[in-house]
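To start, the structure under review is shown below, and the notes come after it.
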Number of protein chains: 2
Amino acid sequence: MTGTVSPPPTKAQLLELVAALGTAQWQDFAAAAARQGLTSVQAKLLAQLKGPVPMRGLATLLVCDASNVTGIVDRLEARGLVRREPDPGDRRVKNVVATDEGREIIRRVRAEMQATHSALDTLDEEERTTLYGLLERLRPGLDHRG
Amino acid sequence: MTGTVSPPPTKAQLLELVAALGTAQWQDFAAAAARQGLTSVQAKLLAQLKGPVPMRGLATLLVCDASNVTGIVDRLEARGLVRREPDPGDRRVKNVVATDEGREIIRRVRAEMQATHSALDTLDEEERTTLYGLLERLRPGLDHRG
DNA sequence: ATTGATGCTTGAGGCAATCAAGCAACTCGC
DNA sequence: GCGAGTTGCTTGATTGCCTCAAGCATCAAT
């Protein structure tokens with residue numbers, strides 16, 4: 001290395017890198033889910049269930065039609081990973097909650113994302129803090145909106 | 001800003017943030033593709049075609065079965081965005097190339113990823129350089145393997 | 001020339017996604 | 001109350017994605 005500082009990347013380069021990492025991370029997730037017998041969408045839904053969530057709320061979180069959620073929850077429920085509970089305050093609403101088995105299986109999915117884990121392990125603590133700060137700044141622009 | 005430094009994030013927090021941004025970016029991509037009448041998978045395939053690529057190569061790039069590529073290319077070819085060309089050296093092989101229209105449409109998809117563009121715009125040049133450097137270090141661990 | 005491997009396609013079957021339509025239940029005005 | 005409009009969920013139809021098993025054509029190697 002000479003005195004050359006790394007040249008600033010073009011926006012296109014950065015965009016491509018972000019895209020590549022995004023899909024790589026998604027495939028790591030999908031593979032981990034598959035090892036637990038889940039599709040990636042089923043795992044994604046399960047990952048949202050920190051508490052009871054109405055069907056409509058899941059559709060919003062997953063950015064898809066409500067009728068789509070019906071099918072996904074049907075399959076998860078048939079496997080005992082999720083339960084539909086009536087909402088006490090509104091009889092139209094069905095709240096979805098993860099069963100113990102559902103919580104356990106999504107925990108395993110997260111733990112088994114080896115590629116992502118080992119990638120993050122190559123960064124030291126300071127670098128992780130920096131990365132976290134930068135990504136947090138990107139979040140608001142990316143999160144809502146489409 | 002006081003003297004408090006931001007505390008180092010836990011690995012779980014970082015993982016969650018990376019996952020959230022990965023899916024947000026993917027949905028931005030999918031939405032941009034949809035505006036051009038493409039599914040996200042079709043757009044993803046089209047994005048790989050910088051030159052002629054054999055069907056098998058596409059299956060590897062997309063990490064899926066070869067028979068799946070047949071269908072995706074069928075639909076793209078039916079819309080004139082892609083062409084199958086015989087390989088001069090091996091008559092089993094069909095090379096897929098983007099047509100002019102195909103190149104144009106994927107260019108538009110990239111340009112229309114508004115959420116991603118504006119998110120990246122919130123970083124100044126130095127921050128982008130830092131981010132690029134960190135993400136590049138993550139790439140090797142995430143890229144191959146699954 | 002046979003054997004085996006490779007590249008692509010086809011067909012069957014399941015999941016995911018959307019749209020349109022429908023039913024039940026809530027809300028508001030009266 | 002009662003009816004109008006709205007909201008939450010499900011169903012059915014259709015399309016695309018995806019995998020697996022099977023098949024055909026071609027290549028490589030003996």
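We label chains A, B, ... in the order they appear in the structure tokens, count residues from 1 in each chain, and number ligands from 1 in the order shown.
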
#### Entry: strand (DSSP E or B) per DSSP on the backbone: members of chain A, as a PyMOL selection string
chain A and resi 53-54+82-86+94-98

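Neighbours of DA4 in chain D closer than or equal to 12 Å, with only C-alpha atoms (C1' of nucleotides) counted and sequence neighbours fewer than 4 positions away skipped, come out as DT27, DC28, DG29 and DC30 of chain C.
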
### Task
Would you kindly return, as a PyMOL selection string, each protein, DNA or RNA residue with an atom no farther than 12 Å from any atom of Pro7 in chain A, considering only C-alpha atoms (C1' of nucleotides) and excluding same-chain residues fewer than 5 positions away?
(chain A and resi 13) or (chain B and resi 125-126+128-130+132-133)

### Task
Using only C-alpha atoms (C1' of nucleotides), determine which residues lie at most 9 Å from Glu112 in chain B, disregarding the query and same-chain residues fewer than 5 positions distant; provide the list as a ChimeraX atom specification.
/B:28-29,31-33,35,107,117

Dump of C-alpha atoms for the selected residues, as a compact mmCIF listing (two decimals), in the first residue's frame:
```
# COMPACT_ATOMS: atom_id res chain seq x y z
CA ASP B 28 -37.59 -1.35 -3.27
CA PHE B 29 -36.11 -3.41 -6.08
CA ALA B 31 -41.44 -2.40 -6.62
CA ALA B 32 -39.23 -0.79 -9.25
CA ALA B 33 -39.32 -3.99 -11.28
CA ARG B 35 -43.43 -0.67 -12.35
CA ARG B 107 -31.49 0.30 -16.61
CA HIS B 117 -31.16 6.10 -3.85
```

### Message
Can you pull out the residues contacting range 14-23 of chain C? Cut-off 9 Å, using only C-alpha atoms (C1' of nucleotides), and skip same-chain residues under 3 positions away; I want them as a ChimeraX atom specification.
### Response
/A:39,41,64-65,67-68,71-72 /D:10-12,14-18

Mind dumping a table of every chain A residue within 10 Å of chain D, with the nearest atom pair and its distance in Å to one decimal, using only C-alpha atoms (C1' of nucleotides), sorted by chain and rising number, as CSV?
```
residue,atom,partner,partner_atom,distance
A:Pro54,CA,D:DG8,C1',9.0
A:Met55,CA,D:DC9,C1',7.7
A:Arg56,CA,D:DG8,C1',7.0
A:Ala66,CA,D:DC9,C1',7.8
A:Ser67,CA,D:DT10,C1',7.2
A:Val69,CA,D:DC9,C1',9.8
A:Thr70,CA,D:DT10,C1',7.3
A:Gly71,CA,D:DT10,C1',9.5
A:Asp90,CA,D:DG8,C1',9.5
A:Arg91,CA,D:DG8,C1',9.2
A:Arg92,CA,D:DG8,C1',5.5
A:Val93,CA,D:DG8,C1',5.9
A:Lys94,CA,D:DC9,C1',8.0
```

### Task
Output as an NGL selection string the set of chain B residues within 7 Å of chain A, with distances taken over only C-alpha atoms.
:B and (8-9 or 14 or 21-22 or 24-25 or 28 or 31 or 115-116 or 118-120 or 125 or 129 or 131-132 or 134 or 138-139 or 141-143 or 145-146)

Those same residues, written as a PDB file, in the first residue's frame with C-alpha atoms?
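The result, stored in result37.pdb:
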```
ATOM      1  CA  PRO B   8     -21.394  -1.155  20.720  1.00  0.00           C
ATOM      2  CA  PRO B   9     -24.439  -2.936  19.313  1.00  0.00           C
ATOM      3  CA  LEU B  14     -26.673  -5.769  14.057  1.00  0.00           C
ATOM      4  CA  LEU B  21     -32.285  -3.284   5.415  1.00  0.00           C
ATOM      5  CA  GLY B  22     -31.804  -6.307   3.188  1.00  0.00           C
ATOM      6  CA  ALA B  24     -36.299  -3.172   2.566  1.00  0.00           C
ATOM      7  CA  GLN B  25     -33.844  -2.892  -0.276  1.00  0.00           C
ATOM      8  CA  ASP B  28     -37.594  -1.354  -3.275  1.00  0.00           C
ATOM      9  CA  ALA B  31     -41.437  -2.403  -6.618  1.00  0.00           C
ATOM     10  CA  ALA B 115     -35.959   4.516  -1.649  1.00  0.00           C
ATOM     11  CA  THR B 116     -32.469   3.078  -1.966  1.00  0.00           C
ATOM     12  CA  SER B 118     -32.479   8.613  -1.404  1.00  0.00           C
ATOM     13  CA  ALA B 119     -31.263   6.562   1.536  1.00  0.00           C
ATOM     14  CA  LEU B 120     -27.756   6.574   0.113  1.00  0.00           C
ATOM     15  CA  GLU B 125     -18.809  11.088   0.502  1.00  0.00           C
ATOM     16  CA  THR B 129     -16.423   5.398   1.405  1.00  0.00           C
ATOM     17  CA  LEU B 131     -19.618   2.077   4.349  1.00  0.00           C
ATOM     18  CA  TYR B 132     -18.315   0.684   1.095  1.00  0.00           C
ATOM     19  CA  LEU B 134     -17.030  -2.239   5.562  1.00  0.00           C
ATOM     20  CA  LEU B 138     -18.574  -8.588   4.608  1.00  0.00           C
ATOM     21  CA  ARG B 139     -18.937  -9.720   1.019  1.00  0.00           C
ATOM     22  CA  GLY B 141     -18.081 -14.388   3.852  1.00  0.00           C
ATOM     23  CA  LEU B 142     -21.564 -13.966   2.475  1.00  0.00           C
ATOM     24  CA  ASP B 143     -21.056 -14.499  -1.215  1.00  0.00           C
ATOM     25  CA  ARG B 145     -21.635 -20.627   0.541  1.00  0.00           C
ATOM     26  CA  GLY B 146     -25.273 -20.796   1.467  1.00  0.00           C
TER      27      GLY B 146
END
```

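The two atoms in question, CA of Pro88 in chain B and CA of Ile106 in chain B, are spaced 27.1 Å apart.
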
### Query
In Å, how far is it from CA of Ala47 in chain B to CA of Lys44 in chain A?
25.3 Å

Can you pull out every residue within 12 Å of Thr99 in chain A, counting only C-alpha atoms (C1' of nucleotides), but drop anything in the same chain fewer than 2 positions away, and send it as an mmCIF file with N, CA and C atoms, in the first residue's frame?
```cif
data_model
loop_
_atom_site.group_PDB
_atom_site.id
_atom_site.type_symbol
_atom_site.label_atom_id
_atom_site.label_comp_id
_atom_site.auth_asym_id
_atom_site.auth_seq_id
_atom_site.Cartn_x
_atom_site.Cartn_y
_atom_site.Cartn_z
ATOM 1 N N LEU A 46 -42.957 -15.788 10.848
ATOM 2 C CA LEU A 46 -42.710 -16.260 12.212
ATOM 3 C C LEU A 46 -41.805 -15.289 12.975
ATOM 4 N N LEU A 49 -43.436 -12.410 14.986
ATOM 5 C CA LEU A 49 -44.376 -12.690 16.073
ATOM 6 C C LEU A 49 -43.742 -12.598 17.453
ATOM 7 N N LYS A 50 -43.429 -11.381 17.870
ATOM 8 C CA LYS A 50 -42.948 -11.210 19.241
ATOM 9 C C LYS A 50 -44.130 -11.233 20.199
ATOM 10 N N GLY A 51 -45.294 -10.909 19.706
ATOM 11 C CA GLY A 51 -46.517 -10.976 20.497
ATOM 12 C C GLY A 51 -47.655 -11.308 19.566
ATOM 13 N N PRO A 52 -48.911 -11.206 20.031
ATOM 14 C CA PRO A 52 -50.056 -11.463 19.161
ATOM 15 C C PRO A 52 -50.146 -10.375 18.095
ATOM 16 N N LEU A 76 -48.570 -22.692 8.499
ATOM 17 C CA LEU A 76 -47.829 -22.675 9.763
ATOM 18 C C LEU A 76 -48.676 -23.273 10.881
ATOM 19 N N GLU A 77 -49.972 -22.981 10.857
ATOM 20 C CA GLU A 77 -50.855 -23.491 11.893
ATOM 21 C C GLU A 77 -50.993 -25.007 11.773
ATOM 22 N N ALA A 78 -51.052 -25.504 10.537
ATOM 23 C CA ALA A 78 -51.167 -26.944 10.321
ATOM 24 C C ALA A 78 -49.950 -27.670 10.894
ATOM 25 N N ARG A 79 -48.837 -26.960 11.000
ATOM 26 C CA ARG A 79 -47.638 -27.581 11.561
ATOM 27 C C ARG A 79 -47.460 -27.253 13.030
ATOM 28 N N GLY A 80 -48.412 -26.575 13.599
ATOM 29 C CA GLY A 80 -48.360 -26.311 15.037
ATOM 30 C C GLY A 80 -47.357 -25.258 15.456
ATOM 31 N N LEU A 81 -46.946 -24.405 14.538
ATOM 32 C CA LEU A 81 -45.948 -23.391 14.883
ATOM 33 C C LEU A 81 -46.602 -22.070 15.266
ATOM 34 N N VAL A 82 -47.906 -22.004 15.040
ATOM 35 C CA VAL A 82 -48.617 -20.748 15.179
ATOM 36 C C VAL A 82 -50.063 -21.069 15.548
ATOM 37 N N ARG A 83 -50.724 -20.125 16.222
ATOM 38 C CA ARG A 83 -52.104 -20.320 16.605
ATOM 39 C C ARG A 83 -52.903 -19.079 16.259
ATOM 40 N N ARG A 84 -54.157 -19.238 15.840
ATOM 41 C CA ARG A 84 -55.050 -18.101 15.678
ATOM 42 C C ARG A 84 -55.874 -17.966 16.947
ATOM 43 N N GLU A 85 -55.883 -16.773 17.530
ATOM 44 C CA GLU A 85 -56.687 -16.542 18.719
ATOM 45 C C GLU A 85 -57.679 -15.432 18.433
ATOM 46 N N VAL A 96 -52.590 -13.707 15.647
ATOM 47 C CA VAL A 96 -51.702 -14.833 15.430
ATOM 48 C C VAL A 96 -50.602 -14.794 16.483
ATOM 49 N N VAL A 97 -50.395 -15.917 17.142
ATOM 50 C CA VAL A 97 -49.317 -16.010 18.127
ATOM 51 C C VAL A 97 -48.477 -17.245 17.824
ATOM 52 N N GLU A 101 -43.185 -24.225 20.093
ATOM 53 C CA GLU A 101 -42.415 -24.861 19.027
ATOM 54 C C GLU A 101 -42.060 -23.840 17.939
ATOM 55 N N GLY A 102 -42.988 -22.959 17.662
ATOM 56 C CA GLY A 102 -42.724 -21.927 16.665
ATOM 57 C C GLY A 102 -41.595 -21.006 17.091
ATOM 58 N N ARG A 103 -41.618 -20.612 18.359
ATOM 59 C CA ARG A 103 -40.554 -19.735 18.867
ATOM 60 C C ARG A 103 -39.211 -20.448 18.806
ATOM 61 N N GLU A 104 -39.226 -21.717 19.167
ATOM 62 C CA GLU A 104 -37.986 -22.482 19.169
ATOM 63 C C GLU A 104 -37.400 -22.615 17.772
ATOM 64 N N ILE A 105 -38.283 -22.863 16.799
ATOM 65 C CA ILE A 105 -37.794 -23.104 15.444
ATOM 66 C C ILE A 105 -37.262 -21.823 14.822
ATOM 67 N N ILE A 106 -37.863 -20.694 15.111
ATOM 68 C CA ILE A 106 -37.360 -19.451 14.522
ATOM 69 C C ILE A 106 -36.054 -19.051 15.213
#
```

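Put simply, CA of Asp74 in chain A is 12.0 Å away from CA of Leu45 in chain A.
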
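Each of B:Gln42, B:Thr4, B:Gln48, B:Asn95 was compared to chain C using only C-alpha atoms (C1' of nucleotides), and B:Asn95 turns out to be the nearest.
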
Please determine the contact residues of chain C with respect to chain B at a cut-off of 9 Å, counting only C-alpha atoms (C1' of nucleotides), and supply them as a PDB file with N, CA and C atoms (P, O5', C5', C4', C3', O3' and C1' of nucleotides), in the first residue's frame.
```
ATOM      1  P    DT C   6     -20.418 -34.103 -14.816  1.00  0.00           P
ATOM      2  O5'  DT C   6     -21.084 -33.220 -15.970  1.00  0.00           O
ATOM      3  C5'  DT C   6     -20.329 -32.938 -17.132  1.00  0.00           C
ATOM      4  C4'  DT C   6     -21.195 -32.192 -18.127  1.00  0.00           C
ATOM      5  C3'  DT C   6     -22.092 -31.124 -17.500  1.00  0.00           C
ATOM      6  O3'  DT C   6     -21.940 -29.944 -18.257  1.00  0.00           O
ATOM      7  C1'  DT C   6     -23.360 -32.523 -18.888  1.00  0.00           C
ATOM      8  P    DG C   7     -22.625 -28.588 -17.951  1.00  0.00           P
ATOM      9  O5'  DG C   7     -23.824 -28.577 -18.991  1.00  0.00           O
ATOM     10  C5'  DG C   7     -23.575 -28.205 -20.342  1.00  0.00           C
ATOM     11  C4'  DG C   7     -24.875 -27.891 -21.032  1.00  0.00           C
ATOM     12  C3'  DG C   7     -25.779 -26.918 -20.252  1.00  0.00           C
ATOM     13  O3'  DG C   7     -26.294 -25.955 -21.163  1.00  0.00           O
ATOM     14  C1'  DG C   7     -26.942 -28.953 -20.660  1.00  0.00           C
ATOM     15  P    DC C   8     -27.236 -24.786 -20.656  1.00  0.00           P
ATOM     16  O5'  DC C   8     -28.682 -25.391 -20.943  1.00  0.00           O
ATOM     17  C5'  DC C   8     -29.091 -25.584 -22.300  1.00  0.00           C
ATOM     18  C4'  DC C   8     -30.375 -26.364 -22.351  1.00  0.00           C
ATOM     19  C3'  DC C   8     -31.582 -25.703 -21.700  1.00  0.00           C
ATOM     20  O3'  DC C   8     -32.432 -25.175 -22.719  1.00  0.00           O
ATOM     21  C1'  DC C   8     -31.482 -28.076 -21.328  1.00  0.00           C
ATOM     22  P    DT C   9     -33.831 -24.508 -22.343  1.00  0.00           P
ATOM     23  O5'  DT C   9     -34.790 -25.782 -22.278  1.00  0.00           O
ATOM     24  C5'  DT C   9     -34.921 -26.584 -23.433  1.00  0.00           C
ATOM     25  C4'  DT C   9     -35.930 -27.703 -23.209  1.00  0.00           C
ATOM     26  C3'  DT C   9     -37.302 -27.236 -22.709  1.00  0.00           C
ATOM     27  O3'  DT C   9     -38.288 -27.749 -23.596  1.00  0.00           O
ATOM     28  C1'  DT C   9     -36.471 -29.003 -21.355  1.00  0.00           C
ATOM     29  P    DT C  10     -39.835 -27.288 -23.416  1.00  0.00           P
ATOM     30  O5'  DT C  10     -40.538 -28.503 -22.651  1.00  0.00           O
ATOM     31  C5'  DT C  10     -40.249 -29.832 -23.036  1.00  0.00           C
ATOM     32  C4'  DT C  10     -40.967 -30.813 -22.107  1.00  0.00           C
ATOM     33  C3'  DT C  10     -42.313 -30.341 -21.547  1.00  0.00           C
ATOM     34  O3'  DT C  10     -43.281 -31.343 -21.798  1.00  0.00           O
ATOM     35  C1'  DT C  10     -40.908 -31.096 -19.800  1.00  0.00           C
TER      36       DT C  10
END
```

### Query
What are the DSSP alpha helix (DSSP H) residues of range 6-117 of chain B, as number ranges by chain?
B: 11-35, 40-47, 55-62, 66-78, 100-111, 114-117

Generate a file of the selected residues that holds C-alpha atoms, formatted as a compact mmCIF listing (two decimals), in the first residue's frame.
```txt
# COMPACT_ATOMS: atom_id res chain seq x y z
CA LYS B 11 -24.52 -9.02 17.34
CA ALA B 12 -28.25 -9.72 17.43
CA GLN B 13 -29.06 -6.06 16.95
CA LEU B 14 -26.67 -5.77 14.06
CA LEU B 15 -28.08 -8.94 12.53
CA GLU B 16 -31.60 -7.62 12.80
CA LEU B 17 -30.66 -4.31 11.26
CA VAL B 18 -28.88 -5.98 8.37
CA ALA B 19 -31.90 -8.21 7.82
CA ALA B 20 -34.31 -5.28 7.92
CA LEU B 21 -32.29 -3.28 5.41
CA GLY B 22 -31.80 -6.31 3.19
CA THR B 23 -35.53 -6.88 2.87
CA ALA B 24 -36.30 -3.17 2.57
CA GLN B 25 -33.84 -2.89 -0.28
CA TRP B 26 -35.26 -6.01 -1.89
CA GLN B 27 -38.76 -4.60 -1.75
CA ASP B 28 -37.59 -1.35 -3.27
CA PHE B 29 -36.11 -3.41 -6.08
CA ALA B 30 -39.26 -5.51 -6.48
CA ALA B 31 -41.44 -2.40 -6.62
CA ALA B 32 -39.23 -0.79 -9.25
CA ALA B 33 -39.32 -3.99 -11.28
CA ALA B 34 -43.11 -4.20 -10.99
CA ARG B 35 -43.43 -0.67 -12.35
CA SER B 40 -38.44 -9.38 -9.09
CA VAL B 41 -36.95 -12.66 -10.23
CA GLN B 42 -37.15 -11.68 -13.87
CA ALA B 43 -35.44 -8.39 -13.07
CA LYS B 44 -32.78 -10.17 -11.07
CA LEU B 45 -32.00 -12.47 -13.98
CA LEU B 46 -31.93 -9.58 -16.41
CA ALA B 47 -29.51 -7.76 -14.13
CA MET B 55 -28.64 -21.32 -18.83
CA ARG B 56 -26.59 -23.36 -16.41
CA GLY B 57 -24.57 -20.30 -15.45
CA LEU B 58 -27.76 -18.41 -14.68
CA ALA B 59 -28.95 -21.23 -12.46
CA THR B 60 -25.70 -20.97 -10.53
CA LEU B 61 -25.90 -17.19 -10.26
CA LEU B 62 -29.50 -17.31 -9.08
CA ALA B 66 -31.76 -25.18 -14.01
CA SER B 67 -35.33 -26.10 -14.88
CA ASN B 68 -36.47 -23.01 -13.07
CA VAL B 69 -34.34 -20.81 -15.31
CA THR B 70 -36.04 -22.30 -18.36
CA GLY B 71 -39.37 -20.86 -17.30
CA ILE B 72 -38.06 -17.44 -16.34
CA VAL B 73 -36.16 -17.08 -19.61
CA ASP B 74 -39.23 -18.33 -21.52
CA ARG B 75 -41.28 -15.46 -20.14
CA LEU B 76 -38.56 -12.87 -20.69
CA GLU B 77 -38.01 -14.13 -24.23
CA ALA B 78 -41.74 -14.00 -24.96
CA ASP B 100 -31.62 -3.67 -26.46
CA GLU B 101 -35.05 -3.41 -24.93
CA GLY B 102 -34.01 -5.71 -22.12
CA ARG B 103 -30.95 -3.59 -21.34
CA GLU B 104 -33.05 -0.47 -21.38
CA ILE B 105 -35.69 -1.83 -19.07
CA ILE B 106 -33.24 -3.07 -16.45
CA ARG B 107 -31.49 0.30 -16.61
CA ARG B 108 -34.81 1.90 -15.75
CA VAL B 109 -35.38 -0.48 -12.86
CA ARG B 110 -32.05 0.49 -11.35
CA ALA B 111 -32.78 4.17 -11.84
CA GLN B 114 -35.97 5.67 -5.25
CA ALA B 115 -35.96 4.52 -1.65
CA THR B 116 -32.47 3.08 -1.97
CA HIS B 117 -31.16 6.10 -3.85
```
